[in-house]
$ cat run.txt   # compact mmCIF, C-alpha atoms
# COMPACT_ATOMS: atom_id res chain seq x y z
CA MET A 84 26.73 171.04 41.66
CA HIS A 85 27.01 167.32 42.48
CA ARG A 86 25.62 165.47 45.45
CA VAL A 87 28.13 165.18 48.30
CA SER A 88 28.58 161.53 49.21
CA SER A 89 30.95 161.80 52.16
CA LEU A 90 29.56 162.67 55.60
CA PHE A 91 31.33 164.93 58.09
CA THR A 92 30.44 166.31 61.48
CA ALA A 93 31.35 169.62 63.06
CA ALA A 94 31.17 169.81 66.83
CA ALA A 95 30.76 172.86 69.03
CA LEU A 96 34.38 173.86 68.44
CA CYS A 97 33.92 173.69 64.66
CA LEU A 98 35.93 170.48 64.30
CA ILE A 99 35.17 167.86 61.64
CA ALA A 100 34.65 164.11 62.14
CA PRO A 101 32.62 161.29 60.51
CA SER A 102 28.88 160.75 61.10
CA THR A 103 26.15 158.24 60.21
CA ALA A 104 22.42 158.33 59.42
CA VAL A 105 20.16 159.55 62.21
CA ASN A 106 16.55 159.95 63.28
CA LEU A 107 14.73 163.28 63.37
CA TYR A 108 11.98 164.48 65.70
CA ALA A 109 9.31 166.94 64.63
CA ALA A 110 6.80 168.87 66.76
CA ALA A 111 3.46 169.78 65.20
CA ALA A 112 0.64 172.06 66.28
CA ASP A 113 -1.89 169.21 66.23
CA GLY A 114 -0.37 167.84 69.46
CA ASN A 115 1.96 165.20 68.00
CA VAL A 116 5.70 164.66 68.21
CA THR A 117 6.73 162.48 65.27
CA THR A 118 9.84 160.34 64.87
CA LEU A 119 11.24 160.35 61.32
CA SER A 120 13.90 157.99 59.98
CA LEU A 121 16.14 159.15 57.14
CA THR A 122 17.58 156.12 55.37
CA ARG A 123 19.48 155.42 52.19
CA ALA A 124 20.12 152.00 50.72
CA ALA A 125 23.22 151.51 48.55
CA ASN A 126 23.04 153.52 45.32
CA THR A 127 19.43 154.55 45.92
CA SER A 128 17.67 157.75 46.91
CA TYR A 129 16.98 158.83 50.47
CA GLN A 130 13.73 157.94 52.23
CA LEU A 131 12.18 159.95 55.08
CA SER A 132 9.74 157.69 56.90
CA ILE A 133 7.46 158.17 59.89
CA THR A 134 8.37 155.47 62.41
CA ALA A 135 6.65 156.60 65.62
CA LYS A 136 4.34 159.27 67.00
CA THR A 137 3.25 160.42 70.45
CA ALA A 138 0.59 162.85 71.67
CA GLU A 139 1.99 162.89 75.22
CA CYS A 140 3.58 166.34 74.88
CA GLU A 141 -0.01 167.50 75.34
CA SER A 142 -1.92 169.97 73.18
CA TYR A 143 0.70 172.05 71.28
CA PRO A 144 4.34 170.87 71.18
CA SER A 145 6.43 173.95 70.39
CA TRP A 146 10.10 173.28 71.30
CA LEU A 147 12.24 170.14 71.39
CA GLY A 148 15.62 169.60 73.00
CA ILE A 149 17.78 166.48 73.29
CA GLU A 150 20.18 165.55 76.06
CA SER A 151 22.22 162.89 74.29
CA LYS A 152 24.06 161.43 77.30
CA SER A 153 20.87 160.35 79.10
CA ARG A 154 18.94 159.79 75.85
CA THR A 155 16.24 162.20 77.00
CA LEU A 156 14.09 164.40 74.81
CA TYR A 157 12.44 167.47 76.34
CA CYS A 158 9.29 168.90 74.83
CA LEU A 159 7.67 172.23 75.68
CA ASP A 160 3.90 172.32 75.25
CA ARG A 161 2.61 175.78 74.35
CA GLY A 162 -1.00 175.08 75.34
CA LEU A 163 -4.09 176.18 73.43
CA SER A 164 -5.62 179.67 73.39
CA ASP A 165 -8.20 178.67 76.00
CA SER A 166 -5.69 176.81 78.21
CA VAL A 167 -4.60 178.04 81.63
CA ASN A 168 -1.12 176.55 81.43
CA GLY A 169 1.27 174.83 79.09
CA SER A 170 3.55 172.01 80.19
CA LEU A 171 7.14 170.79 80.12
CA ASN A 172 7.59 167.11 79.32
CA SER A 173 10.49 164.66 79.27
CA PHE A 174 10.76 161.44 77.26
CA ASN A 175 13.03 158.43 77.14
CA MET A 176 14.36 157.94 73.59
CA ALA A 177 14.38 154.25 72.62
CA ALA A 178 16.84 152.82 70.11
CA ASP A 179 14.10 152.70 67.47
CA GLY A 180 13.27 156.39 68.01
CA SER A 181 10.03 155.84 69.89
CA LEU A 182 9.33 158.04 72.92
CA THR A 183 8.07 157.12 76.39
CA ARG A 184 7.14 159.96 78.71
CA ILE A 185 9.14 160.20 81.93
CA ASP A 186 7.64 163.26 83.59
CA ARG A 187 5.36 166.25 83.07
CA VAL A 188 5.07 169.53 85.00
CA LEU A 189 2.97 172.61 84.42
CA ALA A 190 4.66 175.48 82.59
CA PRO A 191 3.57 179.02 81.71
CA LEU A 192 1.12 179.28 78.84
CA SER A 193 2.46 180.03 75.35
CA GLY A 194 5.97 178.66 75.80
CA VAL A 195 7.74 178.83 72.43
CA GLY A 196 11.44 178.46 73.25
CA ALA A 197 13.73 176.89 75.85
CA ASP A 198 17.32 175.92 76.53
CA ILE A 199 19.09 173.43 78.79
CA PHE A 200 21.75 175.01 81.00
CA MET A 201 24.31 173.64 83.43
CA GLY A 202 25.10 174.58 87.00
CA LYS A 203 27.58 173.21 89.51
CA HIS A 204 27.57 169.83 91.30
CA GLY A 205 25.62 168.17 88.47
CA LYS A 206 22.77 170.69 88.57
CA LYS A 207 20.90 171.08 85.29
CA GLY A 208 17.99 173.30 84.39
CA ILE A 209 15.72 174.36 81.58
CA MET A 210 14.77 177.98 81.02
CA THR A 211 11.60 178.56 79.00
CA ALA A 212 10.31 181.66 77.22
CA SER A 213 6.62 182.34 76.69
CA TYR A 214 5.31 184.52 73.89
CA ASN A 215 1.67 185.66 74.23
CA ARG A 216 1.80 185.50 78.04
CA SER A 217 5.36 186.80 78.22
CA THR A 218 7.06 184.79 80.96
CA ALA A 219 10.54 183.51 81.76
CA ALA A 220 10.59 180.32 83.83
CA VAL A 221 13.25 177.95 85.21
CA PHE A 222 12.90 174.24 85.97
CA GLU A 223 15.43 171.82 87.45
CA ILE A 224 15.96 168.54 85.58
CA ASP A 225 17.23 165.15 86.81
CA VAL A 226 15.53 165.84 90.13
CA GLY A 227 16.59 163.36 92.82
CA GLY A 228 19.18 161.96 90.44
CA ILE A 229 16.49 160.52 88.15
CA PRO A 230 17.31 161.28 84.49
CA GLY A 231 14.55 163.33 82.93
CA ALA A 232 12.71 164.00 86.19
CA LEU A 233 11.45 167.59 86.35
CA SER A 234 10.83 170.06 89.18
CA ASN A 235 7.93 172.43 89.34
CA ALA A 236 8.86 175.95 88.27
CA LEU A 237 11.66 177.31 90.46
CA TYR A 238 11.37 180.80 89.06
CA LEU A 239 8.82 182.89 87.17
CA LYS A 240 9.30 186.39 85.79
CA TYR A 241 6.74 188.39 83.82
CA PRO A 242 8.63 191.09 81.88
CA VAL A 243 6.89 194.42 81.41
CA LEU A 244 7.50 197.36 79.09
CA ASN A 245 7.13 201.06 79.74
CA ALA A 246 6.07 201.84 76.17
CA THR A 247 4.69 200.04 73.13
CA GLY A 248 6.67 199.56 69.94
CA PRO A 249 5.83 200.95 66.49
CA VAL A 250 4.29 197.70 65.16
CA LEU A 251 1.26 198.03 67.40
CA ASP A 252 -0.35 194.62 66.85
CA ARG A 253 2.95 192.84 67.60
CA GLN A 254 4.62 195.18 70.08
CA ASP A 255 1.89 196.15 72.53
CA ARG A 256 3.77 194.31 75.31
CA SER A 257 6.75 192.04 75.95
CA TYR A 258 6.88 188.91 73.77
CA LEU A 259 9.74 186.53 74.61
CA HIS A 260 10.60 184.22 71.73
CA GLU A 261 13.70 182.11 72.52
CA VAL A 262 16.35 181.21 75.08
CA ILE A 263 20.04 181.08 74.05
CA HIS A 264 23.44 180.76 75.74
CA ASP A 265 26.69 182.59 75.22
CA PRO A 266 29.67 180.24 74.67
CA SER A 267 30.90 180.77 78.24
CA ARG A 268 27.50 179.51 79.41
CA SER A 269 27.43 182.17 82.12
CA HIS A 270 24.35 184.00 80.90
CA LEU A 271 20.98 183.27 79.34
CA PHE A 272 19.47 185.53 76.68
CA THR A 273 15.84 185.96 75.61
CA PRO A 274 15.00 187.94 72.46
CA ASP A 275 11.95 190.09 73.24
CA LEU A 276 10.10 190.73 69.98
CA GLY A 277 7.65 193.13 71.60
CA GLY A 278 10.27 195.09 73.50
CA ASP A 279 12.89 195.54 70.76
CA ARG A 280 15.54 194.12 73.06
CA ILE A 281 17.58 191.05 73.95
CA ARG A 282 17.06 190.44 77.66
CA VAL A 283 20.12 189.24 79.59
CA TRP A 284 19.90 186.96 82.62
CA ASN A 285 22.53 185.82 85.11
CA TYR A 286 21.85 182.61 87.06
CA ASP A 287 23.21 181.05 90.23
CA PRO A 288 25.24 177.96 89.26
CA VAL A 289 24.42 176.26 92.56
CA THR A 290 20.70 176.93 92.90
CA LEU A 291 19.90 177.70 89.21
CA ALA A 292 17.26 180.19 90.34
CA PRO A 293 16.34 182.92 90.94
CA LEU A 294 17.71 184.71 87.89
CA THR A 295 19.06 188.24 87.88
CA GLU A 296 18.07 190.37 84.90
CA LEU A 297 20.89 192.61 83.68
CA ALA A 298 20.70 195.60 81.35
CA PRO A 299 19.46 194.43 77.92
CA LEU A 300 20.71 194.92 74.41
CA VAL A 301 18.24 197.52 73.09
CA THR A 302 17.76 197.33 69.33
CA GLY A 303 16.38 199.90 66.94
CA SER A 304 12.67 200.63 66.99
CA GLY A 305 10.49 198.04 65.22
CA VAL A 306 13.22 195.42 64.84
CA GLY A 307 11.35 192.66 66.67
CA PRO A 308 14.27 190.35 67.59
CA ARG A 309 13.23 186.71 67.31
CA HIS A 310 16.11 184.17 67.27
CA GLY A 311 19.88 184.49 67.48
CA VAL A 312 23.24 182.70 67.62
CA PHE A 313 26.64 183.54 69.05
CA TRP A 314 29.76 183.51 66.85
CA THR A 315 33.43 183.92 67.77
CA SER A 316 35.76 185.50 65.22
CA PRO A 317 38.58 183.03 64.44
CA SER A 318 40.95 185.90 63.71
CA THR A 319 40.33 188.19 66.71
CA GLY A 320 38.59 185.96 69.27
CA GLU A 321 35.85 188.59 69.65
CA LEU A 322 32.34 187.38 70.46
CA PHE A 323 29.35 188.45 68.35
CA LEU A 324 25.60 187.98 68.63
CA ILE A 325 23.86 187.56 65.27
CA PHE A 326 20.06 187.64 65.32
CA VAL A 327 17.08 188.05 63.03
CA GLY A 328 14.57 190.86 63.37
CA GLU A 329 11.23 189.28 62.51
CA LEU A 330 9.53 192.63 62.03
CA ASP A 331 12.20 194.63 60.18
CA GLN A 332 13.25 191.49 58.23
CA ASN A 333 16.97 192.17 58.77
CA VAL A 334 19.87 190.17 60.15
CA HIS A 335 21.68 192.13 62.88
CA VAL A 336 25.24 191.72 64.17
CA TYR A 337 26.43 193.04 67.55
CA ARG A 338 29.87 192.68 69.12
CA ILE A 339 30.02 191.89 72.83
CA VAL A 340 32.27 194.50 74.45
CA THR A 341 31.89 193.52 78.11
CA ASN A 342 30.79 190.12 79.42
CA THR A 343 30.86 189.83 83.21
CA ALA A 344 28.52 188.46 85.86
CA LYS A 345 27.10 191.94 86.44
CA GLU A 346 27.24 193.49 82.98
CA VAL A 347 27.06 192.67 79.29
CA THR A 348 27.58 195.55 76.87
CA TRP A 349 27.25 195.65 73.10
CA GLU A 350 28.35 197.49 70.00
CA GLU A 351 26.30 197.37 66.79
CA VAL A 352 28.43 196.15 63.87
CA PHE A 353 26.24 195.43 60.86
CA LYS A 354 22.78 194.72 59.50
CA VAL A 355 21.55 193.39 56.19
CA PRO A 356 18.13 192.45 54.76
CA ALA A 357 17.48 188.78 55.47
CA MET A 358 16.81 188.14 51.78
CA GLY A 359 19.64 190.35 50.57
CA THR A 360 17.31 193.10 49.34
CA VAL A 361 14.75 195.22 51.19
CA GLN A 362 11.28 193.68 51.23
CA GLN A 363 7.93 195.33 51.74
CA ALA A 364 7.22 195.77 55.46
CA LEU A 365 6.10 192.52 57.15
CA ASN A 366 6.04 190.80 53.75
CA ALA A 367 8.69 188.19 54.53
CA PRO A 368 9.14 187.87 58.30
CA ALA A 369 12.46 186.24 59.18
CA SER A 370 12.06 183.25 61.49
CA GLU A 371 14.97 180.90 62.26
CA ILE A 372 18.73 181.47 62.20
CA ALA A 373 21.47 178.85 62.50
CA LEU A 374 25.27 178.78 62.45
CA SER A 375 26.86 176.18 60.19
CA PRO A 376 28.94 173.58 62.08
CA ASP A 377 32.16 174.92 60.54
CA CYS A 378 31.23 178.38 61.88
CA LYS A 379 31.66 180.00 58.46
CA TYR A 380 28.05 180.66 57.48
CA ILE A 381 24.72 181.87 58.85
CA LEU A 382 21.47 180.42 57.48
CA VAL A 383 18.13 182.25 57.82
CA SER A 384 14.58 181.15 56.91
CA ASN A 385 12.19 183.67 55.35
CA ARG A 386 8.40 183.37 55.43
CA GLU A 387 7.34 185.08 52.21
CA GLN A 388 4.16 183.02 52.02
CA SER A 389 1.40 182.93 54.61
CA PHE A 390 -1.54 180.72 55.47
CA SER A 391 -3.59 182.63 52.87
CA ARG A 392 -1.02 183.82 50.31
CA HIS A 393 1.07 181.60 48.02
CA ASN A 394 2.67 183.78 45.36
CA SER A 395 5.59 181.51 44.54
CA SER A 396 6.44 177.84 44.52
CA THR A 397 8.33 177.94 47.82
CA ASP A 398 9.71 180.10 50.62
CA THR A 399 13.44 180.76 50.82
CA LEU A 400 16.51 179.97 52.91
CA SER A 401 19.27 182.60 52.92
CA THR A 402 22.93 181.73 53.42
CA PHE A 403 25.38 184.46 54.47
CA LEU A 404 29.17 184.18 54.59
CA ILE A 405 30.51 185.55 57.89
CA ASN A 406 33.46 187.84 57.30
CA PRO A 407 36.29 188.05 59.88
CA ASP A 408 35.01 191.42 61.16
CA GLY A 409 31.50 190.06 61.74
CA THR A 410 29.91 191.59 58.65
CA LEU A 411 27.84 189.33 56.40
CA THR A 412 27.83 188.71 52.64
CA LEU A 413 24.81 187.10 50.98
CA HIS A 414 25.99 183.77 49.59
CA GLN A 415 22.82 182.07 48.34
CA LEU A 416 19.01 182.21 48.26
CA ALA A 417 17.66 178.66 48.09
CA PRO A 418 14.14 177.17 48.20
CA THR A 419 12.86 175.68 51.44
CA GLY A 420 10.51 173.37 49.55
CA GLY A 421 7.32 174.54 51.27
CA TYR A 422 5.38 177.33 52.93
CA LEU A 423 6.04 179.10 56.24
CA PRO A 424 9.38 177.65 57.44
CA ARG A 425 9.05 178.53 61.13
CA GLN A 426 12.19 176.59 62.03
CA PHE A 427 14.97 174.48 60.52
CA SER A 428 18.05 172.68 61.79
CA ILE A 429 21.43 171.64 60.37
CA ASN A 430 22.80 168.18 61.17
CA LYS A 431 26.13 167.95 62.97
CA ALA A 432 27.88 166.93 59.77
CA GLY A 433 26.73 170.16 58.17
CA ASP A 434 25.76 168.34 54.97
CA MET A 435 21.98 168.27 55.47
CA VAL A 436 19.30 170.76 56.52
CA ALA A 437 15.84 169.74 57.75
CA ILE A 438 13.14 172.40 57.34
CA GLY A 439 9.68 172.26 58.94
CA HIS A 440 6.76 174.00 57.23
CA GLN A 441 3.63 175.19 59.00
CA VAL A 442 1.31 175.58 56.01
CA ASN A 443 1.79 172.31 54.12
CA ASN A 444 2.79 170.23 57.18
CA THR A 445 6.06 168.96 55.73
CA VAL A 446 9.59 168.20 56.84
CA VAL A 447 11.93 168.68 53.88
CA VAL A 448 15.58 167.57 53.93
CA TRP A 449 18.06 169.28 51.62
CA GLU A 450 21.66 168.43 50.93
CA ARG A 451 24.21 171.09 51.79
CA ASP A 452 27.64 171.21 50.15
CA ILE A 453 30.14 171.63 52.97
CA GLU A 454 32.92 172.99 50.78
CA SER A 455 30.84 175.68 49.04
CA GLY A 456 28.42 176.32 51.92
CA MET A 457 25.48 176.16 49.50
CA ILE A 458 22.23 174.21 49.50
CA VAL A 459 22.27 171.70 46.63
CA THR A 460 19.11 172.55 44.70
CA GLU A 461 19.77 170.51 41.57
CA GLY A 462 17.43 167.53 41.58
CA GLY A 463 15.31 168.92 44.42
CA PRO A 464 15.39 167.91 48.08
CA LEU A 465 16.89 164.68 49.33
CA ALA A 466 13.64 163.59 50.96
CA GLN A 467 10.45 164.87 52.52
CA ALA A 468 7.53 163.68 54.63
CA VAL A 469 4.02 164.98 55.25
CA LEU A 470 2.99 165.10 58.91
CA SER A 471 -0.42 165.28 60.53
CA GLY A 472 -0.21 168.95 61.57
CA ASN A 473 1.58 172.29 61.14
CA VAL A 474 5.28 171.58 61.73
CA VAL A 475 6.78 174.09 64.14
CA MET A 476 10.12 172.43 64.95
CA THR A 477 12.31 169.59 63.72
CA ILE A 478 15.65 168.46 65.16
CA TRP A 479 18.29 165.85 64.38
CA ASP A 480 19.18 163.05 66.78
CA ASP A 481 22.81 162.92 65.76

$ encode --input "run.txt" --output "structure tokens"
Amino acid sequence: MHRVSSLFTAAALCLIAPSTAVNLYAAAADGNVTTLSLTRAANTSYQLSITAKTAECESYPSWLGIESKSRTLYCLDRGLSDSVNGSLNSFNMAADGSLTRIDRVLAPLSGVGADIFMGKHGKKGIMTASYNRSTAAVFEIDVGGIPGALSNALYLKYPVLNATGPVLDRQDRSYLHEVIHDPSRSHLFTPDLGGDRIRVWNYDPVTLAPLTELAPLVTGSGVGPRHGVFWTSPSTGELFLIFVGELDQNVHVYRIVTNTAKEVTWEEVFKVPAMGTVQQALNAPASEIALSPDCKYILVSNREQSFSRHNSSTDTLSTFLINPDGTLTLHQLAPTGGYLPRQFSINKAGDMVAIGHQVNNTVVVWERDIESGMIVTEGGPLAQAVLSGNVVMTIWDD
């Protein structure tokens, strides 16, 4: 397969348009947020260079989000094991990719995921999800009309469970892992790895908080839902939630039957092993999932290696074709180029994937063939960089 030279972009509605080279931002467990520049001179190979770094997201940056219009980057700090709190931080993004902190507020300890959501009259908020100290929190942003200014927490909720799950060391209590939106942006969803459920939240568009928790999607026992994406069938218009079970190592597909302010109901459609074949229990925990910009494929990262076990040259990235009825067909298993790919992201063009690795501290960029939907493995990755700590998230500024 040849390298794809033309660049395309696919927006939220799965449309295609041209794009140019962009910066990337990577969060690492050593306390740094690093700016990376991916460049390519005429007829030469790509270069991924470190151009800036900041430690002002405090002790453990864990989630990054960009608001392009105001050129603001938000960074959730998880905090250390002996910390009392984490923090939520906002940064101005300069033209050269460097970051200058705008604001910082305290956030619940162990925040691992967040999402920006919109209300009425210009109201904007961030919902965060904490893992070890399971907590859902809401913060207002652009407080007083100042871009990037943050409120103190408007809302805190500490989910509880009536019973433990079957994977006792991972499901002894609620463990929230991510925040995601449905396309209508009327609800917020938090996969609860400990509770074998996707929690559903309704929010007030005027005040943002408090949230109202609706009945959840309850998965099978021992699934451990981690991250998910929504997908709309182009043939039927039906809405589906596709998510990875970290503990059962499967990709699950549910159809949304009812979606109102007071109720969201679900129907299970399909599940498939994240690597195409059944793996030994907890041997290859699934981590990230992403929808390709053309809305035709799902990509999933698999952590076959651990901090103490390297049995192969690399971990793997699975690509699944999404069929019109929401079922999935394994399309490709490709290398990630490192160990423990906690997270990855696809650029808006859909022709490159950036993968962060926790064990060997790398960001690896692969080419992706838009027409075939496959990672181009011939010749190895386009570029890679070694960072100063375990990479837990990397995103494109495109």

$ residues_around --input "run.txt" --residues "Ile224 in chain A" --least-positions-apart "2" --cutoff "8 Å" --atoms "all atoms listed in the file" --output "PDB file with C-alpha atoms, keeping the file's coordinate frame"
ATOM      1  CA  LYS A 206      22.770 170.690  88.570  1.00  0.00           C
ATOM      2  CA  LYS A 207      20.900 171.080  85.290  1.00  0.00           C
ATOM      3  CA  GLY A 208      17.990 173.300  84.390  1.00  0.00           C
ATOM      4  CA  ILE A 209      15.720 174.360  81.580  1.00  0.00           C
ATOM      5  CA  PHE A 222      12.900 174.240  85.970  1.00  0.00           C
ATOM      6  CA  VAL A 226      15.530 165.840  90.130  1.00  0.00           C
ATOM      7  CA  PRO A 230      17.310 161.280  84.490  1.00  0.00           C
ATOM      8  CA  GLY A 231      14.550 163.330  82.930  1.00  0.00           C
ATOM      9  CA  ALA A 232      12.710 164.000  86.190  1.00  0.00           C
ATOM     10  CA  LEU A 233      11.450 167.590  86.350  1.00  0.00           C
ATOM     11  CA  SER A 234      10.830 170.060  89.180  1.00  0.00           C
TER      12      SER A 234
END

$ atom_distance --input "run.txt" --atom1 "CA of Cys140 in chain A" --atom2 "CA of Val243 in chain A"
29.0 Å

$ closest_residue --input "run.txt" --among "A:Thr477, A:Asn444, A:Ser370, A:Gln130" --to "Gln332 in chain A" --atoms "all atoms listed in the file"
A:Ser370

$ residues_near_point --input "run.txt" --point "(15.1, 167.2, 76.2)" --cutoff "10 Å" --atoms "all atoms listed in the file" --output "CSV table (one decimal) with C-alpha atoms, in the frame of the given file"
chain,number,residue,atom,x,y,z
A,146,TRP,CA,10.1,173.3,71.3
A,147,LEU,CA,12.2,170.1,71.4
A,148,GLY,CA,15.6,169.6,73.0
A,149,ILE,CA,17.8,166.5,73.3
A,150,GLU,CA,20.2,165.6,76.1
A,151,SER,CA,22.2,162.9,74.3
A,153,SER,CA,20.9,160.4,79.1
A,154,ARG,CA,18.9,159.8,75.8
A,155,THR,CA,16.2,162.2,77.0
A,156,LEU,CA,14.1,164.4,74.8
A,157,TYR,CA,12.4,167.5,76.3
A,158,CYS,CA,9.3,168.9,74.8
A,159,LEU,CA,7.7,172.2,75.7
A,171,LEU,CA,7.1,170.8,80.1
A,172,ASN,CA,7.6,167.1,79.3
A,173,SER,CA,10.5,164.7,79.3
A,174,PHE,CA,10.8,161.4,77.3
A,175,ASN,CA,13.0,158.4,77.1
A,176,MET,CA,14.4,157.9,73.6
A,197,ALA,CA,13.7,176.9,75.8
A,198,ASP,CA,17.3,175.9,76.5
A,199,ILE,CA,19.1,173.4,78.8
A,209,ILE,CA,15.7,174.4,81.6
A,224,ILE,CA,16.0,168.5,85.6
A,231,GLY,CA,14.6,163.3,82.9

$ atom_distance --input "run.txt" --atom1 "CA of Tyr238 in chain A" --atom2 "CA of Asp265 in chain A"
20.7 Å

$ closest_residue --input "run.txt" --among "A:Val334, A:Leu189, A:Ala112, A:Met358" --to "Leu163 in chain A" --atoms "only C-alpha atoms"
A:Ala112

$ closest_residue --input "run.txt" --among "A:Asp252, A:Asp480, A:Glu461, A:Asp398" --to "Gln441 in chain A" --atoms "only C-alpha atoms"
A:Asp398

$ closest_residue --input "run.txt" --among "A:Asp408, A:Ser267, A:Ile372, A:His310" --to "Ala344 in chain A" --atoms "all atoms listed in the file"
A:Ser267

$ closest_residue --input "run.txt" --among "A:Gly114, A:Gly409, A:Val355, A:Ser142" --to "Thr319 in chain A" --atoms "all atoms listed in the file"
A:Gly409

$ residues_around --input "run.txt" --residues "Ile405 in chain A" --least-positions-apart "5" --cutoff "7 Å" --atoms "all atoms listed in the file" --output "PyMOL selection string"
chain A and resi 379-381+410-412

$ write_last_selection --input "run.txt" --atoms "C-alpha atoms" --output "CSV table (one decimal), in the coordinates of the input"
chain,number,residue,atom,x,y,z
A,379,LYS,CA,31.7,180.0,58.5
A,380,TYR,CA,28.0,180.7,57.5
A,381,ILE,CA,24.7,181.9,58.8
A,410,THR,CA,29.9,191.6,58.6
A,411,LEU,CA,27.8,189.3,56.4
A,412,THR,CA,27.8,188.7,52.6

$ atom_distance --input "run.txt" --atom1 "CA of Val436 in chain A" --atom2 "CA of Leu465 in chain A"
9.7 Å

$ closest_residue --input "run.txt" --among "A:Leu119, A:Ala367, A:Leu259, A:Leu400" --to "Val383 in chain A" --atoms "only C-alpha atoms"
A:Leu400

$ residues_around --input "run.txt" --residues "range 133-135 of chain A" --least-positions-apart "6" --cutoff "10 Å" --atoms "all atoms listed in the file" --output "MDAnalysis selection string"
chainID A and resid 106:108 116:121 179:182 468:470

$ write_last_selection --input "run.txt" --atoms "C-alpha atoms" --output "PDB file, in the coordinates of the input"
ATOM      1  CA  ASN A 106      16.550 159.950  63.280  1.00  0.00           C
ATOM      2  CA  LEU A 107      14.730 163.280  63.370  1.00  0.00           C
ATOM      3  CA  TYR A 108      11.980 164.480  65.700  1.00  0.00           C
ATOM      4  CA  VAL A 116       5.700 164.660  68.210  1.00  0.00           C
ATOM      5  CA  THR A 117       6.730 162.480  65.270  1.00  0.00           C
ATOM      6  CA  THR A 118       9.840 160.340  64.870  1.00  0.00           C
ATOM      7  CA  LEU A 119      11.240 160.350  61.320  1.00  0.00           C
ATOM      8  CA  SER A 120      13.900 157.990  59.980  1.00  0.00           C
ATOM      9  CA  LEU A 121      16.140 159.150  57.140  1.00  0.00           C
ATOM     10  CA  ASP A 179      14.100 152.700  67.470  1.00  0.00           C
ATOM     11  CA  GLY A 180      13.270 156.390  68.010  1.00  0.00           C
ATOM     12  CA  SER A 181      10.030 155.840  69.890  1.00  0.00           C
ATOM     13  CA  LEU A 182       9.330 158.040  72.920  1.00  0.00           C
ATOM     14  CA  ALA A 468       7.530 163.680  54.630  1.00  0.00           C
ATOM     15  CA  VAL A 469       4.020 164.980  55.250  1.00  0.00           C
ATOM     16  CA  LEU A 470       2.990 165.100  58.910  1.00  0.00           C
TER      17      LEU A 470
END

$ build_atoms --input "run.txt" --residues "range 423-432 of chain A" --atoms "N, CA, C and O atoms" --output "PDB file, keeping the file's coordinate frame"
ATOM      1  N   LEU A 423       5.905 178.697  54.848  1.00  0.00           N
ATOM      2  CA  LEU A 423       6.040 179.100  56.240  1.00  0.00           C
ATOM      3  C   LEU A 423       7.044 178.243  57.012  1.00  0.00           C
ATOM      4  O   LEU A 423       6.683 177.467  57.897  1.00  0.00           O
ATOM      5  N   PRO A 424       8.339 178.380  56.711  1.00  0.00           N
ATOM      6  CA  PRO A 424       9.380 177.650  57.440  1.00  0.00           C
ATOM      7  C   PRO A 424       9.660 178.309  58.787  1.00  0.00           C
ATOM      8  O   PRO A 424      10.558 179.138  58.912  1.00  0.00           O
ATOM      9  N   ARG A 425       8.894 177.929  59.799  1.00  0.00           N
ATOM     10  CA  ARG A 425       9.050 178.530  61.130  1.00  0.00           C
ATOM     11  C   ARG A 425      10.421 178.214  61.714  1.00  0.00           C
ATOM     12  O   ARG A 425      11.020 179.040  62.395  1.00  0.00           O
ATOM     13  N   GLN A 426      10.933 177.013  61.425  1.00  0.00           N
ATOM     14  CA  GLN A 426      12.190 176.590  62.030  1.00  0.00           C
ATOM     15  C   GLN A 426      12.875 175.594  61.112  1.00  0.00           C
ATOM     16  O   GLN A 426      12.247 174.934  60.285  1.00  0.00           O
ATOM     17  N   PHE A 427      14.197 175.498  61.222  1.00  0.00           N
ATOM     18  CA  PHE A 427      14.970 174.480  60.520  1.00  0.00           C
ATOM     19  C   PHE A 427      16.160 174.124  61.381  1.00  0.00           C
ATOM     20  O   PHE A 427      16.497 174.831  62.331  1.00  0.00           O
ATOM     21  N   SER A 428      16.839 173.031  61.057  1.00  0.00           N
ATOM     22  CA  SER A 428      18.050 172.680  61.790  1.00  0.00           C
ATOM     23  C   SER A 428      19.037 172.005  60.845  1.00  0.00           C
ATOM     24  O   SER A 428      18.657 171.340  59.882  1.00  0.00           O
ATOM     25  N   ILE A 429      20.325 172.215  61.140  1.00  0.00           N
ATOM     26  CA  ILE A 429      21.430 171.640  60.370  1.00  0.00           C
ATOM     27  C   ILE A 429      21.958 170.436  61.148  1.00  0.00           C
ATOM     28  O   ILE A 429      22.134 170.511  62.370  1.00  0.00           O
ATOM     29  N   ASN A 430      22.220 169.317  60.454  1.00  0.00           N
ATOM     30  CA  ASN A 430      22.800 168.180  61.170  1.00  0.00           C
ATOM     31  C   ASN A 430      24.245 168.486  61.557  1.00  0.00           C
ATOM     32  O   ASN A 430      24.861 169.429  61.066  1.00  0.00           O
ATOM     33  N   LYS A 431      24.787 167.689  62.470  1.00  0.00           N
ATOM     34  CA  LYS A 431      26.130 167.950  62.970  1.00  0.00           C
ATOM     35  C   LYS A 431      27.181 167.856  61.886  1.00  0.00           C
ATOM     36  O   LYS A 431      28.226 168.519  61.955  1.00  0.00           O
ATOM     37  N   ALA A 432      26.934 167.029  60.874  1.00  0.00           N
ATOM     38  CA  ALA A 432      27.880 166.930  59.770  1.00  0.00           C
ATOM     39  C   ALA A 432      27.904 168.194  58.936  1.00  0.00           C
ATOM     40  O   ALA A 432      28.890 168.486  58.268  1.00  0.00           O
TER      41      ALA A 432
END
